[in-house]
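Data first, discussion second: the structure below is written as C-alpha cells.
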Amino acid sequence: MRTSDAVDLIVLAALWGASFLFMRVAAPEFGPLALIEVRVAVAALFLLGVCAWRRASLPLTRHAGPLLLVGIFNTALPFSLFAYALLSVTAGFASILNATSPLWGAVVAHFWLRERLTMLRVLGLLIGFLGVSMLVWGKASFAPGGSGWAIVAALVASLSYGVAASYTRRALTGVDALTVATGSQLGAVLALAPLALWTWPSTPVSATAWVGTVALGVACTGMAYILYFRLIGNVGAARAIAVTFLVPLFAIAWGGLFLAEPITSQMVLGGLVVLGGTALSTGLIGARAARRGVTPTRST
C-alpha cells in the first residue's frame, strides 16, 4: 500500500469514527430522523457539487429503483437507527457494534447470494457474535432508562448494511461508485423527508448541533464516500475493508477526548473479540469482491 493510500485509510477511519461523536452531540436536539435527513441532504448536495466540478453525467434515472433501495438500507435506515442508539450509548460502544456489519454481511450473502461459508469464516462469525455477547452482557436492559433498545437498534442497523451490500452486488454491479454514492444519498433524502418533517424539533437547534450535522454531511458522509471509493479503486476491496478495524479506535478516542466517555475493560475485550471474528469472517469476502469488481457498501 502506497503512503498516500495509507493516509486515505487513516483519514477515512478518523472521519467515520467522528460520525459517532457528531451524532451523539446533535441527536438529542434534532432527534434521530431530522438529524439524518439534514445529514444526507448536505451529503447529497456536496456530492452533486463534486459531480458538477468533474462534469460527470450520472445515470441516476436508469438505476432509480435500486439506488432508492440502497439509499434506504445503506443510509436512511442504519443512520437513523444509530442516531437513535446514540441517545443512550456512548460513541465508542456504538462504533464497536457497527463493526459487526461485515459479520452480518457474510450471513446475508450466504443465505441470499448462496455464498459459501468456509469453516474459517464460520469460526470468525461465531467469535464475532461471541464478542457482541460480551459487549452487551449486563447492559441490555429494557427497563425505563436502559440501553436495551439502543443496542437492538445498533445491531439492526449493522444488519441493514449487510442487506444493502448483498443487494448492491445483485442490482448495481458495474455502476460507477460516484453514481451509487450520489444516487443513494438522494434516495435517502426522499425516503426520510416525510418522517423528518413530522418529527422536526419544535425548539430551536443550537449552533453547535448545526455545525456537527453539517460536518456529518460534508466530511463524514460526502468526503468519506469519495475516500472510500478511491481506496477501493487503488488497493482493492480486500484492503479497503481494513477501515472497519480502525473506526472504533477513532470513535473511542474522539468520545473520550471531547465527551469524556469512559473506556471500560468490557468494551476493550469485547471489541477485540468482535474485530478478531470480523477479520476471520471477512478476508475471503473482500478478496472475492475485489476479483468480481464489486463495490461493497459502507457505512456510518
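Residues are referred to by chain and number: the chain letter is A, B, ... according to the order shown in the C-alpha cells, the number counts from 1 in that chain, and ligands are numbered separately from 1 in the order shown.
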
According to DSSP computed on the backbone, where in region 123-245 of chain A is there alpha helix (DSSP H)? Give the residues as a ChimeraX atom specification. /A:123-136,148-171,177-198,207-217,224-235,237-240,243-245

Do you know which residues are at most 12 Å from Phe30 (chain A) counting only C-alpha atoms, after dropping those on the same chain fewer than 3 positions away, and could you put them as a ChimeraX atom specification? /A:22-27,33-39,80,83-84,87,196-197,199-210,212-213

Keeping N, CA and C atoms for every residue in the selection just given, could you write it to a file as a compact mmCIF listing (two decimals), in the first residue's frame?
```txt
# COMPACT_ATOMS: atom_id res chain seq x y z
N PHE A 22 -20.31 13.23 16.36
CA PHE A 22 -21.22 14.28 15.91
C PHE A 22 -22.69 13.87 16.11
N MET A 23 -23.01 12.60 15.85
CA MET A 23 -24.39 12.17 16.06
C MET A 23 -24.77 12.20 17.53
N ARG A 24 -23.83 11.83 18.38
CA ARG A 24 -24.12 11.84 19.82
C ARG A 24 -24.36 13.27 20.32
N VAL A 25 -23.69 14.24 19.71
CA VAL A 25 -23.86 15.63 20.11
C VAL A 25 -25.18 16.20 19.56
N ALA A 26 -25.48 15.89 18.29
CA ALA A 26 -26.61 16.55 17.62
C ALA A 26 -27.93 15.83 17.77
N ALA A 27 -27.93 14.51 17.97
CA ALA A 27 -29.18 13.75 18.01
C ALA A 27 -30.14 14.21 19.11
N LEU A 33 -34.41 11.23 13.27
CA LEU A 33 -34.85 11.31 11.87
C LEU A 33 -34.53 12.65 11.25
N ALA A 34 -34.80 13.74 11.95
CA ALA A 34 -34.47 15.05 11.40
C ALA A 34 -32.97 15.22 11.23
N LEU A 35 -32.19 14.70 12.19
CA LEU A 35 -30.73 14.79 12.10
C LEU A 35 -30.23 14.11 10.83
N ILE A 36 -30.68 12.90 10.59
CA ILE A 36 -30.17 12.15 9.45
C ILE A 36 -30.68 12.74 8.13
N GLU A 37 -31.89 13.29 8.12
CA GLU A 37 -32.37 13.96 6.91
C GLU A 37 -31.45 15.13 6.54
N VAL A 38 -31.07 15.92 7.51
CA VAL A 38 -30.16 17.04 7.23
C VAL A 38 -28.80 16.49 6.80
N ARG A 39 -28.33 15.46 7.48
CA ARG A 39 -27.02 14.88 7.15
C ARG A 39 -26.98 14.41 5.70
N SER A 80 -30.30 6.37 10.82
CA SER A 80 -31.32 6.77 11.79
C SER A 80 -31.29 5.89 13.03
N ALA A 83 -28.35 6.91 15.11
CA ALA A 83 -28.63 8.18 15.78
C ALA A 83 -29.52 7.96 16.99
N TYR A 84 -30.51 7.07 16.86
CA TYR A 84 -31.36 6.72 18.00
C TYR A 84 -30.55 6.04 19.09
N LEU A 87 -28.49 8.12 21.52
CA LEU A 87 -29.17 8.84 22.59
C LEU A 87 -28.94 8.16 23.93
N ALA A 196 -38.96 13.03 8.65
CA ALA A 196 -38.18 14.12 9.24
C ALA A 196 -39.04 15.35 9.48
N LEU A 197 -39.91 15.67 8.52
CA LEU A 197 -40.80 16.82 8.69
C LEU A 197 -41.78 16.59 9.85
N THR A 199 -41.25 14.82 12.51
CA THR A 199 -40.56 14.81 13.81
C THR A 199 -39.61 16.01 13.97
N TRP A 200 -39.74 17.02 13.12
CA TRP A 200 -38.82 18.16 13.19
C TRP A 200 -38.92 18.81 14.57
N PRO A 201 -37.77 19.17 15.17
CA PRO A 201 -37.80 19.71 16.55
C PRO A 201 -38.62 20.99 16.64
N SER A 202 -39.36 21.09 17.72
CA SER A 202 -40.23 22.25 17.93
C SER A 202 -39.49 23.41 18.57
N THR A 203 -38.30 23.15 19.10
CA THR A 203 -37.49 24.20 19.71
C THR A 203 -36.26 24.45 18.85
N PRO A 204 -35.71 25.68 18.90
CA PRO A 204 -34.54 25.99 18.06
C PRO A 204 -33.36 25.06 18.36
N VAL A 205 -32.65 24.70 17.32
CA VAL A 205 -31.47 23.85 17.44
C VAL A 205 -30.24 24.73 17.58
N SER A 206 -29.34 24.38 18.49
CA SER A 206 -28.18 25.21 18.77
C SER A 206 -27.21 25.22 17.59
N ALA A 207 -26.35 26.24 17.58
CA ALA A 207 -25.34 26.35 16.54
C ALA A 207 -24.38 25.16 16.59
N THR A 208 -24.08 24.68 17.79
CA THR A 208 -23.18 23.53 17.93
C THR A 208 -23.74 22.30 17.22
N ALA A 209 -25.04 22.04 17.41
CA ALA A 209 -25.67 20.90 16.76
C ALA A 209 -25.70 21.06 15.24
N TRP A 210 -25.95 22.28 14.77
CA TRP A 210 -25.96 22.53 13.34
C TRP A 210 -24.58 22.30 12.73
N GLY A 212 -22.19 20.43 13.90
CA GLY A 212 -21.91 19.00 13.92
C GLY A 212 -22.64 18.25 12.81
N THR A 213 -23.87 18.66 12.52
CA THR A 213 -24.65 17.99 11.48
C THR A 213 -24.10 18.28 10.09
```

Quick one: residues within 10 Å of Arg170 (chain A), only C-alpha atoms, excluding same-chain residues fewer than 5 positions away - as number ranges by chain? A: 66, 112-113, 164-165, 294

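Considering only C-alpha atoms, the residue among A:Val40, A:Val107, A:Leu275, A:Leu249 positioned nearest to Ile72 (chain A) is A:Val40.
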
Enter the distance from CA of Leu155 (chain A) to CA of Ala99 (chain A), in Å, rounded to one decimal.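 Interatomic distance here is 9.7 Å.
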
Contacts of region 50-55 of chain A at 9 Å (only C-alpha atoms; same-chain gap of 3+ positions) as a list in words: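 Final neighbour list, sorted by chain and number: Leu45, Phe46, Leu47, Leu58, Leu178 and Thr182 of chain A.
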
One decimal, Å: what's the distance from CA of Ile263 (chain A) over to CA of Ala76 (chain A), could you say? 29.0 Å

Excluding Arg230 (chain A) and its own-chain neighbours fewer than 3 positions away, which residues fall within 10 Å of it when counting only C-alpha atoms? Please give them as a VMD selection string. chain A and resid 5 8 to 9 177 224 to 227 233 to 236 240

Give me a file of those residues, with N, CA and C atoms, as a PDB file, in the first residue's frame.
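This went into selection03.pdb:
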```
ATOM      1  N   ASP A   5      -2.220   6.048  -0.026  1.00  0.00           N
ATOM      2  CA  ASP A   5      -3.365   5.186   0.265  1.00  0.00           C
ATOM      3  C   ASP A   5      -3.505   4.942   1.766  1.00  0.00           C
ATOM      4  N   ASP A   8      -5.099   7.959   3.176  1.00  0.00           N
ATOM      5  CA  ASP A   8      -6.539   7.931   2.903  1.00  0.00           C
ATOM      6  C   ASP A   8      -7.261   7.004   3.877  1.00  0.00           C
ATOM      7  N   LEU A   9      -6.681   5.836   4.145  1.00  0.00           N
ATOM      8  CA  LEU A   9      -7.296   4.860   5.045  1.00  0.00           C
ATOM      9  C   LEU A   9      -7.439   5.436   6.451  1.00  0.00           C
ATOM     10  N   ALA A 177     -18.929   4.206  -8.920  1.00  0.00           N
ATOM     11  CA  ALA A 177     -19.054   4.493  -7.491  1.00  0.00           C
ATOM     12  C   ALA A 177     -19.707   5.833  -7.215  1.00  0.00           C
ATOM     13  N   ALA A 224     -16.098  11.220   2.930  1.00  0.00           N
ATOM     14  CA  ALA A 224     -15.747   9.847   3.303  1.00  0.00           C
ATOM     15  C   ALA A 224     -16.068   8.872   2.173  1.00  0.00           C
ATOM     16  N   TYR A 225     -17.204   9.054   1.496  1.00  0.00           N
ATOM     17  CA  TYR A 225     -17.535   8.189   0.367  1.00  0.00           C
ATOM     18  C   TYR A 225     -16.466   8.295  -0.724  1.00  0.00           C
ATOM     19  N   ILE A 226     -16.054   9.506  -1.019  1.00  0.00           N
ATOM     20  CA  ILE A 226     -15.042   9.693  -2.062  1.00  0.00           C
ATOM     21  C   ILE A 226     -13.742   8.992  -1.680  1.00  0.00           C
ATOM     22  N   LEU A 227     -13.316   9.158  -0.432  1.00  0.00           N
ATOM     23  CA  LEU A 227     -12.098   8.497   0.030  1.00  0.00           C
ATOM     24  C   LEU A 227     -12.231   6.981  -0.045  1.00  0.00           C
ATOM     25  N   GLY A 233     -10.619   1.618  -5.491  1.00  0.00           N
ATOM     26  CA  GLY A 233     -10.001   1.650  -6.805  1.00  0.00           C
ATOM     27  C   GLY A 233      -8.503   1.472  -6.766  1.00  0.00           C
ATOM     28  N   ASN A 234      -7.854   1.991  -5.720  1.00  0.00           N
ATOM     29  CA  ASN A 234      -6.387   1.951  -5.648  1.00  0.00           C
ATOM     30  C   ASN A 234      -5.838   0.659  -5.060  1.00  0.00           C
ATOM     31  N   VAL A 235      -6.487   0.149  -4.017  1.00  0.00           N
ATOM     32  CA  VAL A 235      -5.916  -1.013  -3.314  1.00  0.00           C
ATOM     33  C   VAL A 235      -6.827  -2.225  -3.306  1.00  0.00           C
ATOM     34  N   GLY A 236      -8.069  -2.075  -3.803  1.00  0.00           N
ATOM     35  CA  GLY A 236      -8.991  -3.197  -3.824  1.00  0.00           C
ATOM     36  C   GLY A 236      -9.851  -3.254  -2.575  1.00  0.00           C
ATOM     37  N   ALA A 240      -9.329  -2.236   1.470  1.00  0.00           N
ATOM     38  CA  ALA A 240     -10.121  -1.085   1.902  1.00  0.00           C
ATOM     39  C   ALA A 240     -10.983  -1.422   3.108  1.00  0.00           C
TER      40      ALA A 240
END
```

State, in Å with one decimal place, the distance from CA of Pro102 (chain A) to CA of Ser166 (chain A).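 So the two atoms, CA of Pro102 (chain A) and CA of Ser166 (chain A), lie 11.1 Å apart.
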
Do a neighbour search on Leu259 (chain A) at 12 Å with only C-alpha atoms, toss out local chain neighbours closer than 5 positions, and write the hits as a PDB file with C-alpha atoms, in the first residue's frame.
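Contents of out-v6.pdb, as written:
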```pdb
ATOM      1  CA  ALA A  18     -16.039  11.158  14.224  1.00  0.00           C
ATOM      2  CA  PHE A  20     -20.472   8.775  16.092  1.00  0.00           C
ATOM      3  CA  LEU A  21     -19.243  11.805  18.042  1.00  0.00           C
ATOM      4  CA  PHE A  22     -21.219  14.276  15.909  1.00  0.00           C
ATOM      5  CA  ARG A  24     -24.116  11.843  19.818  1.00  0.00           C
ATOM      6  CA  VAL A  25     -23.863  15.633  20.107  1.00  0.00           C
ATOM      7  CA  THR A  90     -21.517   6.074  24.021  1.00  0.00           C
ATOM      8  CA  ALA A  91     -19.906   6.787  20.664  1.00  0.00           C
ATOM      9  CA  GLY A  92     -17.222   4.177  21.278  1.00  0.00           C
ATOM     10  CA  ALA A 251     -14.619   6.730  17.757  1.00  0.00           C
ATOM     11  CA  ILE A 252     -13.458   5.713  21.230  1.00  0.00           C
ATOM     12  CA  ALA A 253     -10.654   8.286  21.094  1.00  0.00           C
ATOM     13  CA  TRP A 254     -12.944  11.129  19.965  1.00  0.00           C
TER      14      TRP A 254
END
```

Check the smallest atom-to-atom distance from each of A:Leu15, A:Ala94, A:Leu117, A:Leu186 to Thr221 (chain A) using only C-alpha atoms, then report the winner.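 Checking each candidate against Thr221 (chain A), we get A:Leu15 as the closest.
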